[in-house]
Amino acid sequence: MIHTNIMEENNTSTVTQFLLLGFSDLPNLQGLLFGMFSIMYVIILFGNSFIIVITRIDPALHNPMYFFLTNFSFLEICYVSVTLPRVLYRIWTQDRSISLLACATQMCFFLMLAATDSILLAVMSYDRYVAICNPLHYPLVMNQTKCTQLAVGSWLGGMPFQLGQTCQIFSLHFCNANRIDHFFCDIPPVLKLACGDTSVNELYAYAVVILLATIPFLLILTSYSKIIATILRLPTAEGRAKAFSTCSSHLVVVILFYGSASITYLMPKSRHSALSDKLLSLFYTIVTPMFNPMIYSLRNKEVIAALKRLHSDVLVWSYDFPFSVQLEESTETPTARFRKIEVIKTKT
């Protein structure tokens, strides 16, 4: 039951709770949706955690590119966890109510993490630009201090703007209608419930999009235009293919993220429909984070090589040695020890 405190003044109502309709118009598919979203959430957690772990334990991946990828994978886990667990809870309990404060909190964190996503993608494209266009200066330009500063700036850069935007939206009056036809508290469906003129809020939203999404996107385009020009000047096809392979995964992720998000937030309010909002939001809030680890691992030779090394090390540690080898005193890597044992076995 949704409770509202009715104010007689100016025939307006102060809404204390919203009703997130989500996918309630599909009553026969609730079980299927719960199972599907649960599997997707597990894949997102496992896939992005795998990227974080493999880049931390393999020394060959201790470079700026994978430092930013680790940040990006952790960001994707946070980004999805703002919305998806609550979606699963509502489907399981059929309790679709959400308090005004909880709705504002969810929107604020979602917008801040989305801004971080946008800025971090731009930082990652800059990293690829320096690596391909200025390889000799790469270690000097992308040093540890610079990488840490860029990562912190990505996480904190959008916070004040998105916090201000959330406060501005929830300072509005909401009329008797309190049904949000969406699966989380996003800007377009919440603004539809506001009383009076919301043009100022829409202008502020467009300004924030330009600052935190359009400008990073233009920086990404600039970086990749220079990257492509540099790659095309390479003398051999093998060199061009190798150079492009280092940034192709990032380029795919950029297209997926910006393609769906720009349609949602740059489309005029009058042209928004509940179905299109849900589908597009589902794509960039759940589907894209689910595919990101696959894109970065299956299309990345270095990650695949690191996975093979990890597999070899696991085999070594689980191997039942028939020899009296002093493993504790050895300074060799597990892979080197494994090869030595194979040589010994061959000789004997």
# chains A, B, ... in the order shown; residues from 1 in each chain; ligands from 1
>>> residues_around(residues="segment 237-245 of chain A", least_positions_apart="3", cutoff="10 Å", atoms="only C-alpha atoms", output="PDB file with N, CA and C atoms, in the first residue's frame")
ATOM      1  N   ARG A 128      45.515   4.638 -24.374  1.00  0.00           N
ATOM      2  CA  ARG A 128      45.793   3.950 -25.653  1.00  0.00           C
ATOM      3  C   ARG A 128      46.436   4.914 -26.653  1.00  0.00           C
ATOM      4  N   ALA A 131      50.069   5.234 -25.691  1.00  0.00           N
ATOM      5  CA  ALA A 131      50.788   3.982 -25.943  1.00  0.00           C
ATOM      6  C   ALA A 131      51.068   3.761 -27.422  1.00  0.00           C
ATOM      7  N   ILE A 132      50.137   4.144 -28.294  1.00  0.00           N
ATOM      8  CA  ILE A 132      50.283   3.880 -29.725  1.00  0.00           C
ATOM      9  C   ILE A 132      50.944   5.037 -30.462  1.00  0.00           C
ATOM     10  N   ILE A 227      44.813   7.770 -33.164  1.00  0.00           N
ATOM     11  CA  ILE A 227      45.262   6.378 -33.097  1.00  0.00           C
ATOM     12  C   ILE A 227      45.145   5.710 -34.469  1.00  0.00           C
ATOM     13  N   ILE A 228      43.981   5.881 -35.103  1.00  0.00           N
ATOM     14  CA  ILE A 228      43.759   5.267 -36.419  1.00  0.00           C
ATOM     15  C   ILE A 228      44.733   5.831 -37.450  1.00  0.00           C
ATOM     16  N   THR A 230      47.709   6.981 -36.883  1.00  0.00           N
ATOM     17  CA  THR A 230      49.030   6.409 -36.589  1.00  0.00           C
ATOM     18  C   THR A 230      49.122   4.958 -37.049  1.00  0.00           C
ATOM     19  N   ILE A 231      48.063   4.187 -36.803  1.00  0.00           N
ATOM     20  CA  ILE A 231      48.053   2.770 -37.196  1.00  0.00           C
ATOM     21  C   ILE A 231      48.153   2.623 -38.714  1.00  0.00           C
ATOM     22  N   LEU A 232      47.447   3.466 -39.450  1.00  0.00           N
ATOM     23  CA  LEU A 232      47.464   3.379 -40.915  1.00  0.00           C
ATOM     24  C   LEU A 232      48.836   3.715 -41.496  1.00  0.00           C
ATOM     25  N   ARG A 233      49.651   4.433 -40.738  1.00  0.00           N
ATOM     26  CA  ARG A 233      50.989   4.788 -41.223  1.00  0.00           C
ATOM     27  C   ARG A 233      52.025   3.698 -40.947  1.00  0.00           C
ATOM     28  N   LEU A 234      51.631   2.670 -40.178  1.00  0.00           N
ATOM     29  CA  LEU A 234      52.574   1.586 -39.901  1.00  0.00           C
ATOM     30  C   LEU A 234      52.884   0.819 -41.177  1.00  0.00           C
ATOM     31  N   SER A 248      40.923  -2.332 -29.658  1.00  0.00           N
ATOM     32  CA  SER A 248      39.637  -2.711 -30.253  1.00  0.00           C
ATOM     33  C   SER A 248      38.589  -3.039 -29.192  1.00  0.00           C
ATOM     34  N   SER A 249      39.006  -3.701 -28.101  1.00  0.00           N
ATOM     35  CA  SER A 249      38.056  -4.053 -27.037  1.00  0.00           C
ATOM     36  C   SER A 249      37.458  -2.794 -26.417  1.00  0.00           C
ATOM     37  N   HIS A 250      38.315  -1.828 -26.136  1.00  0.00           N
ATOM     38  CA  HIS A 250      37.846  -0.571 -25.553  1.00  0.00           C
ATOM     39  C   HIS A 250      36.904   0.151 -26.498  1.00  0.00           C
ATOM     40  N   LEU A 251      37.194   0.117 -27.776  1.00  0.00           N
ATOM     41  CA  LEU A 251      36.346   0.784 -28.763  1.00  0.00           C
ATOM     42  C   LEU A 251      34.953   0.166 -28.812  1.00  0.00           C
ATOM     43  N   ARG A 299      38.881 -11.076 -26.418  1.00  0.00           N
ATOM     44  CA  ARG A 299      39.501 -10.333 -27.510  1.00  0.00           C
ATOM     45  C   ARG A 299      40.896  -9.813 -27.153  1.00  0.00           C
ATOM     46  N   ASN A 300      41.401 -10.221 -26.005  1.00  0.00           N
ATOM     47  CA  ASN A 300      42.681  -9.692 -25.524  1.00  0.00           C
ATOM     48  C   ASN A 300      43.675 -10.835 -25.348  1.00  0.00           C
ATOM     49  N   LYS A 301      44.733 -10.850 -26.173  1.00  0.00           N
ATOM     50  CA  LYS A 301      45.712 -11.936 -26.143  1.00  0.00           C
ATOM     51  C   LYS A 301      46.487 -11.954 -24.833  1.00  0.00           C
TER      52      LYS A 301
END
>>> closest_residue(among="A:Val82, A:Ala207, A:Ile286, A:Leu100", to="Tyr41 of chain A", atoms="only C-alpha atoms")
A:Ile286
>>> select_by_dssp(residues="segment 86-335 of chain A", states="helix (DSSP H, G or I)", output="VMD selection string")
chain A and resid 86 to 93 100 to 133 135 to 141 144 to 156 159 to 169 187 to 191 199 to 232 237 to 266 269 to 271 274 to 298 301 to 318 334 to 335
>>> closest_residue(among="A:Ile255, A:Val53, A:Leu21, A:Met65", to="Asp95 of chain A", atoms="only C-alpha atoms")
A:Leu21
>>> residues_around(residues="Val200 of chain A", least_positions_apart="6", cutoff="10 Å", atoms="only C-alpha atoms", output="number ranges by chain")
A: 168-169, 206
>>> write_last_selection(atoms="C-alpha atoms", output="short mmCIF file (atom, residue, chain, number, x, y, z; two decimals), in the first residue's frame")
data_model
loop_
_atom_site.label_atom_id
_atom_site.label_comp_id
_atom_site.auth_asym_id
_atom_site.auth_seq_id
_atom_site.Cartn_x
_atom_site.Cartn_y
_atom_site.Cartn_z
CA GLN A 168 17.36 19.79 -7.74
CA ILE A 169 15.06 17.05 -9.05
CA TYR A 206 21.31 18.37 -20.82
#
>>> residues_around(residues="Cys103 of chain A", least_positions_apart="2", cutoff="10 Å", atoms="only C-alpha atoms", output="PyMOL selection string")
chain A and resi 17-18+20+97-101+105-108+166+170+184-186+190
>>> write_last_selection(atoms="all heavy atoms", output="compact mmCIF listing (two decimals), in the first residue's frame")
# COMPACT_ATOMS: atom_id res chain seq x y z
N GLN A 17 6.29 8.14 -0.98
CA GLN A 17 6.74 6.88 -1.57
C GLN A 17 6.37 6.83 -3.04
O GLN A 17 5.33 7.35 -3.45
CB GLN A 17 6.13 5.68 -0.84
CG GLN A 17 6.77 5.37 0.50
CD GLN A 17 6.25 4.06 1.06
OE1 GLN A 17 5.08 3.73 0.91
NE2 GLN A 17 7.13 3.31 1.69
N PHE A 18 7.25 6.18 -3.82
CA PHE A 18 6.94 5.91 -5.21
C PHE A 18 6.64 4.42 -5.38
O PHE A 18 6.97 3.60 -4.52
CB PHE A 18 8.14 6.27 -6.11
CG PHE A 18 8.36 7.75 -6.26
CD1 PHE A 18 9.58 8.32 -5.89
CD2 PHE A 18 7.38 8.57 -6.79
CE1 PHE A 18 9.80 9.68 -6.03
CE2 PHE A 18 7.59 9.93 -6.93
CZ PHE A 18 8.80 10.48 -6.56
N LEU A 20 7.56 1.65 -8.07
CA LEU A 20 8.33 1.29 -9.25
C LEU A 20 7.65 0.11 -9.94
O LEU A 20 7.69 -1.02 -9.44
CB LEU A 20 9.77 0.92 -8.85
CG LEU A 20 10.73 2.08 -8.61
CD1 LEU A 20 11.99 1.58 -7.92
CD2 LEU A 20 11.08 2.77 -9.92
N SER A 97 7.21 -0.77 -3.76
CA SER A 97 7.30 0.57 -3.18
C SER A 97 8.76 0.93 -2.90
O SER A 97 9.60 0.08 -2.61
CB SER A 97 6.50 0.64 -1.88
OG SER A 97 7.02 -0.26 -0.93
N ILE A 98 9.05 2.22 -3.00
CA ILE A 98 10.37 2.74 -2.67
C ILE A 98 10.19 4.14 -2.11
O ILE A 98 9.43 4.95 -2.65
CB ILE A 98 11.30 2.75 -3.92
CG1 ILE A 98 12.70 3.26 -3.54
CG2 ILE A 98 10.72 3.58 -5.05
CD1 ILE A 98 13.73 3.07 -4.66
N SER A 99 10.84 4.41 -1.00
CA SER A 99 10.68 5.71 -0.36
C SER A 99 11.34 6.80 -1.19
O SER A 99 12.19 6.53 -2.06
CB SER A 99 11.29 5.70 1.04
OG SER A 99 12.70 5.58 0.96
N LEU A 100 10.92 8.04 -0.92
CA LEU A 100 11.48 9.18 -1.65
C LEU A 100 12.99 9.24 -1.44
O LEU A 100 13.76 9.48 -2.39
CB LEU A 100 10.82 10.47 -1.15
CG LEU A 100 10.85 11.66 -2.11
CD1 LEU A 100 9.99 11.40 -3.33
CD2 LEU A 100 10.38 12.92 -1.40
N LEU A 101 13.45 9.03 -0.20
CA LEU A 101 14.88 9.09 0.10
C LEU A 101 15.63 7.97 -0.60
O LEU A 101 16.72 8.19 -1.16
CB LEU A 101 15.10 9.00 1.62
CG LEU A 101 16.56 9.01 2.09
CD1 LEU A 101 17.25 10.30 1.66
CD2 LEU A 101 16.63 8.83 3.61
N THR A 105 18.51 8.44 -3.37
CA THR A 105 19.82 7.83 -3.15
C THR A 105 20.23 6.96 -4.33
O THR A 105 21.37 7.02 -4.81
CB THR A 105 19.82 7.00 -1.86
OG1 THR A 105 19.45 7.83 -0.76
CG2 THR A 105 21.19 6.40 -1.59
N GLN A 106 19.27 6.16 -4.80
CA GLN A 106 19.56 5.29 -5.95
C GLN A 106 19.91 6.12 -7.19
O GLN A 106 20.88 5.83 -7.89
CB GLN A 106 18.37 4.38 -6.24
CG GLN A 106 18.65 3.38 -7.35
CD GLN A 106 17.42 2.55 -7.72
OE1 GLN A 106 16.39 3.09 -8.12
NE2 GLN A 106 17.53 1.23 -7.60
N MET A 107 19.12 7.16 -7.45
CA MET A 107 19.39 8.00 -8.61
C MET A 107 20.75 8.67 -8.49
O MET A 107 21.51 8.72 -9.47
CB MET A 107 18.29 9.07 -8.76
CG MET A 107 18.55 10.02 -9.93
SD MET A 107 17.35 11.36 -10.07
CE MET A 107 15.91 10.47 -10.63
N CYS A 108 21.08 9.19 -7.31
CA CYS A 108 22.34 9.89 -7.12
C CYS A 108 23.53 8.98 -7.38
O CYS A 108 24.45 9.33 -8.13
CB CYS A 108 22.40 10.46 -5.71
SG CYS A 108 23.85 11.50 -5.41
N THR A 166 20.55 15.69 -8.55
CA THR A 166 19.60 14.88 -7.77
C THR A 166 18.84 15.75 -6.77
O THR A 166 17.61 15.63 -6.63
CB THR A 166 20.34 13.75 -7.03
OG1 THR A 166 21.08 12.96 -7.97
CG2 THR A 166 19.36 12.85 -6.30
N PHE A 170 14.70 16.34 -6.75
CA PHE A 170 13.85 15.92 -5.63
C PHE A 170 13.44 17.09 -4.74
O PHE A 170 12.80 16.89 -3.71
CB PHE A 170 14.56 14.83 -4.81
CG PHE A 170 14.47 13.48 -5.47
CD1 PHE A 170 15.42 13.09 -6.40
CD2 PHE A 170 13.42 12.64 -5.19
CE1 PHE A 170 15.32 11.86 -7.02
CE2 PHE A 170 13.31 11.41 -5.81
CZ PHE A 170 14.27 11.01 -6.73
N PHE A 184 14.02 1.30 -12.17
CA PHE A 184 14.81 2.02 -11.17
C PHE A 184 14.52 3.51 -11.31
O PHE A 184 13.87 3.96 -12.25
CB PHE A 184 16.30 1.71 -11.30
CG PHE A 184 16.97 2.34 -12.49
CD1 PHE A 184 17.71 3.51 -12.36
CD2 PHE A 184 16.88 1.76 -13.75
CE1 PHE A 184 18.34 4.08 -13.45
CE2 PHE A 184 17.51 2.32 -14.85
CZ PHE A 184 18.23 3.49 -14.70
N CYS A 185 15.00 4.29 -10.35
CA CYS A 185 14.72 5.73 -10.33
C CYS A 185 15.67 6.45 -11.28
O CYS A 185 16.78 6.83 -10.89
CB CYS A 185 14.85 6.28 -8.90
SG CYS A 185 13.60 5.67 -7.77
N ASP A 186 15.24 6.65 -12.50
CA ASP A 186 16.03 7.35 -13.50
C ASP A 186 15.41 8.73 -13.73
O ASP A 186 14.25 8.98 -13.37
CB ASP A 186 16.06 6.55 -14.79
CG ASP A 186 17.23 6.94 -15.68
OD1 ASP A 186 18.07 7.74 -15.24
OD2 ASP A 186 17.31 6.42 -16.82
N VAL A 190 11.09 9.95 -13.54
CA VAL A 190 10.82 10.70 -12.31
C VAL A 190 10.34 12.10 -12.64
O VAL A 190 9.39 12.62 -12.02
CB VAL A 190 12.06 10.74 -11.40
CG1 VAL A 190 11.85 11.70 -10.23
CG2 VAL A 190 12.39 9.35 -10.87
>>> residues_around(residues="segment 139-147 of chain A", least_positions_apart="4", cutoff="8 Å", atoms="only C-alpha atoms", output="MDAnalysis selection string")
chainID A and resid 64 67:68 127 130 151
>>> write_last_selection(atoms="C-alpha atoms", output="PDB file, in the first residue's frame")
ATOM      1  CA  PRO A  64      48.558   1.410 -16.867  1.00  0.00           C
ATOM      2  CA  PHE A  67      45.282  -0.617 -13.909  1.00  0.00           C
ATOM      3  CA  PHE A  68      42.460   1.338 -15.547  1.00  0.00           C
ATOM      4  CA  ASP A 127      46.097   5.794 -22.307  1.00  0.00           C
ATOM      5  CA  VAL A 130      49.848   7.673 -25.612  1.00  0.00           C
ATOM      6  CA  ALA A 151      41.708   7.241 -11.727  1.00  0.00           C
TER       7      ALA A 151
END
>>> closest_residue(among="A:Leu136, A:Val87, A:Val80, A:Ala205", to="Leu113 of chain A", atoms="only C-alpha atoms")
A:Val80
>>> closest_residue(among="A:Thr93, A:Ser154, A:Ser223, A:Gln149", to="Gly31 of chain A", atoms="only C-alpha atoms")
A:Thr93
>>> select_by_dssp(residues="segment 1-140 of chain A", states="strand (DSSP E)", output="list in words")
Thr4, Asn5, Ile6, Ser13, Thr14, Val15, Gln17, Phe18, Leu19, Leu20, Ser97, Ile98 and Ser99 of chain A
>>> write_last_selection(atoms="all heavy atoms", output="short mmCIF file (atom, residue, chain, number, x, y, z; two decimals), in the first residue's frame")
data_model
loop_
_atom_site.label_atom_id
_atom_site.label_comp_id
_atom_site.auth_asym_id
_atom_site.auth_seq_id
_atom_site.Cartn_x
_atom_site.Cartn_y
_atom_site.Cartn_z
N THR A 4 0.42 8.52 0.87
CA THR A 4 0.76 9.89 0.49
C THR A 4 0.14 10.84 1.49
O THR A 4 -0.96 10.60 2.01
CB THR A 4 0.25 10.23 -0.92
OG1 THR A 4 -1.16 10.02 -0.95
CG2 THR A 4 0.93 9.34 -1.97
N ASN A 5 0.87 11.88 1.80
CA ASN A 5 0.36 12.93 2.67
C ASN A 5 -0.21 14.03 1.81
O ASN A 5 0.51 14.72 1.10
CB ASN A 5 1.49 13.48 3.53
CG ASN A 5 2.10 12.40 4.41
OD1 ASN A 5 1.37 11.54 4.88
ND2 ASN A 5 3.41 12.46 4.61
N ILE A 6 -1.53 14.19 1.86
CA ILE A 6 -2.20 15.13 0.98
C ILE A 6 -2.18 16.52 1.59
O ILE A 6 -2.53 16.72 2.74
CB ILE A 6 -3.66 14.70 0.72
CG1 ILE A 6 -3.70 13.25 0.26
CG2 ILE A 6 -4.32 15.60 -0.27
CD1 ILE A 6 -2.97 13.00 -1.04
N SER A 13 0.18 17.41 -3.89
CA SER A 13 0.40 16.36 -2.91
C SER A 13 1.88 16.18 -2.69
O SER A 13 2.68 16.31 -3.62
CB SER A 13 -0.19 15.03 -3.39
OG SER A 13 -1.57 15.17 -3.63
N THR A 14 2.27 15.91 -1.46
CA THR A 14 3.65 15.57 -1.17
C THR A 14 3.76 14.06 -1.13
O THR A 14 3.24 13.41 -0.22
CB THR A 14 4.09 16.17 0.17
OG1 THR A 14 3.95 17.59 0.12
CG2 THR A 14 5.53 15.81 0.46
N VAL A 15 4.40 13.48 -2.09
CA VAL A 15 4.53 12.03 -2.19
C VAL A 15 5.69 11.57 -1.31
O VAL A 15 6.79 12.11 -1.41
CB VAL A 15 4.78 11.62 -3.66
CG1 VAL A 15 5.02 10.12 -3.77
CG2 VAL A 15 3.61 12.04 -4.53
N GLN A 17 6.29 8.14 -0.98
CA GLN A 17 6.74 6.88 -1.57
C GLN A 17 6.37 6.83 -3.04
O GLN A 17 5.33 7.35 -3.45
CB GLN A 17 6.13 5.68 -0.84
CG GLN A 17 6.77 5.37 0.50
CD GLN A 17 6.25 4.06 1.06
OE1 GLN A 17 5.08 3.73 0.91
NE2 GLN A 17 7.13 3.31 1.69
N PHE A 18 7.25 6.18 -3.82
CA PHE A 18 6.94 5.91 -5.21
C PHE A 18 6.64 4.42 -5.38
O PHE A 18 6.97 3.60 -4.52
CB PHE A 18 8.14 6.27 -6.11
CG PHE A 18 8.36 7.75 -6.26
CD1 PHE A 18 9.58 8.32 -5.89
CD2 PHE A 18 7.38 8.57 -6.79
CE1 PHE A 18 9.80 9.68 -6.03
CE2 PHE A 18 7.59 9.93 -6.93
CZ PHE A 18 8.80 10.48 -6.56
N LEU A 19 6.03 4.11 -6.49
CA LEU A 19 5.75 2.73 -6.86
C LEU A 19 6.49 2.45 -8.16
O LEU A 19 6.13 2.95 -9.22
CB LEU A 19 4.25 2.51 -7.04
CG LEU A 19 3.79 1.07 -7.24
CD1 LEU A 19 4.04 0.26 -5.98
CD2 LEU A 19 2.31 1.04 -7.61
N LEU A 20 7.56 1.65 -8.07
CA LEU A 20 8.33 1.29 -9.25
C LEU A 20 7.65 0.11 -9.94
O LEU A 20 7.69 -1.02 -9.44
CB LEU A 20 9.77 0.92 -8.85
CG LEU A 20 10.73 2.08 -8.61
CD1 LEU A 20 11.99 1.58 -7.92
CD2 LEU A 20 11.08 2.77 -9.92
N SER A 97 7.21 -0.77 -3.76
CA SER A 97 7.30 0.57 -3.18
C SER A 97 8.76 0.93 -2.90
O SER A 97 9.60 0.08 -2.61
CB SER A 97 6.50 0.64 -1.88
OG SER A 97 7.02 -0.26 -0.93
N ILE A 98 9.05 2.22 -3.00
CA ILE A 98 10.37 2.74 -2.67
C ILE A 98 10.19 4.14 -2.11
O ILE A 98 9.43 4.95 -2.65
CB ILE A 98 11.30 2.75 -3.92
CG1 ILE A 98 12.70 3.26 -3.54
CG2 ILE A 98 10.72 3.58 -5.05
CD1 ILE A 98 13.73 3.07 -4.66
N SER A 99 10.84 4.41 -1.00
CA SER A 99 10.68 5.71 -0.36
C SER A 99 11.34 6.80 -1.19
O SER A 99 12.19 6.53 -2.06
CB SER A 99 11.29 5.70 1.04
OG SER A 99 12.70 5.58 0.96
#
>>> atom_distance(atom1="atom CA of Ser262 of chain A", atom2="atom CA of Leu32 of chain A")
29.3 Å
>>> closest_residue(among="A:Ala115, A:Val208, A:Leu75, A:Leu219", to="Gly164 of chain A", atoms="only C-alpha atoms")
A:Val208
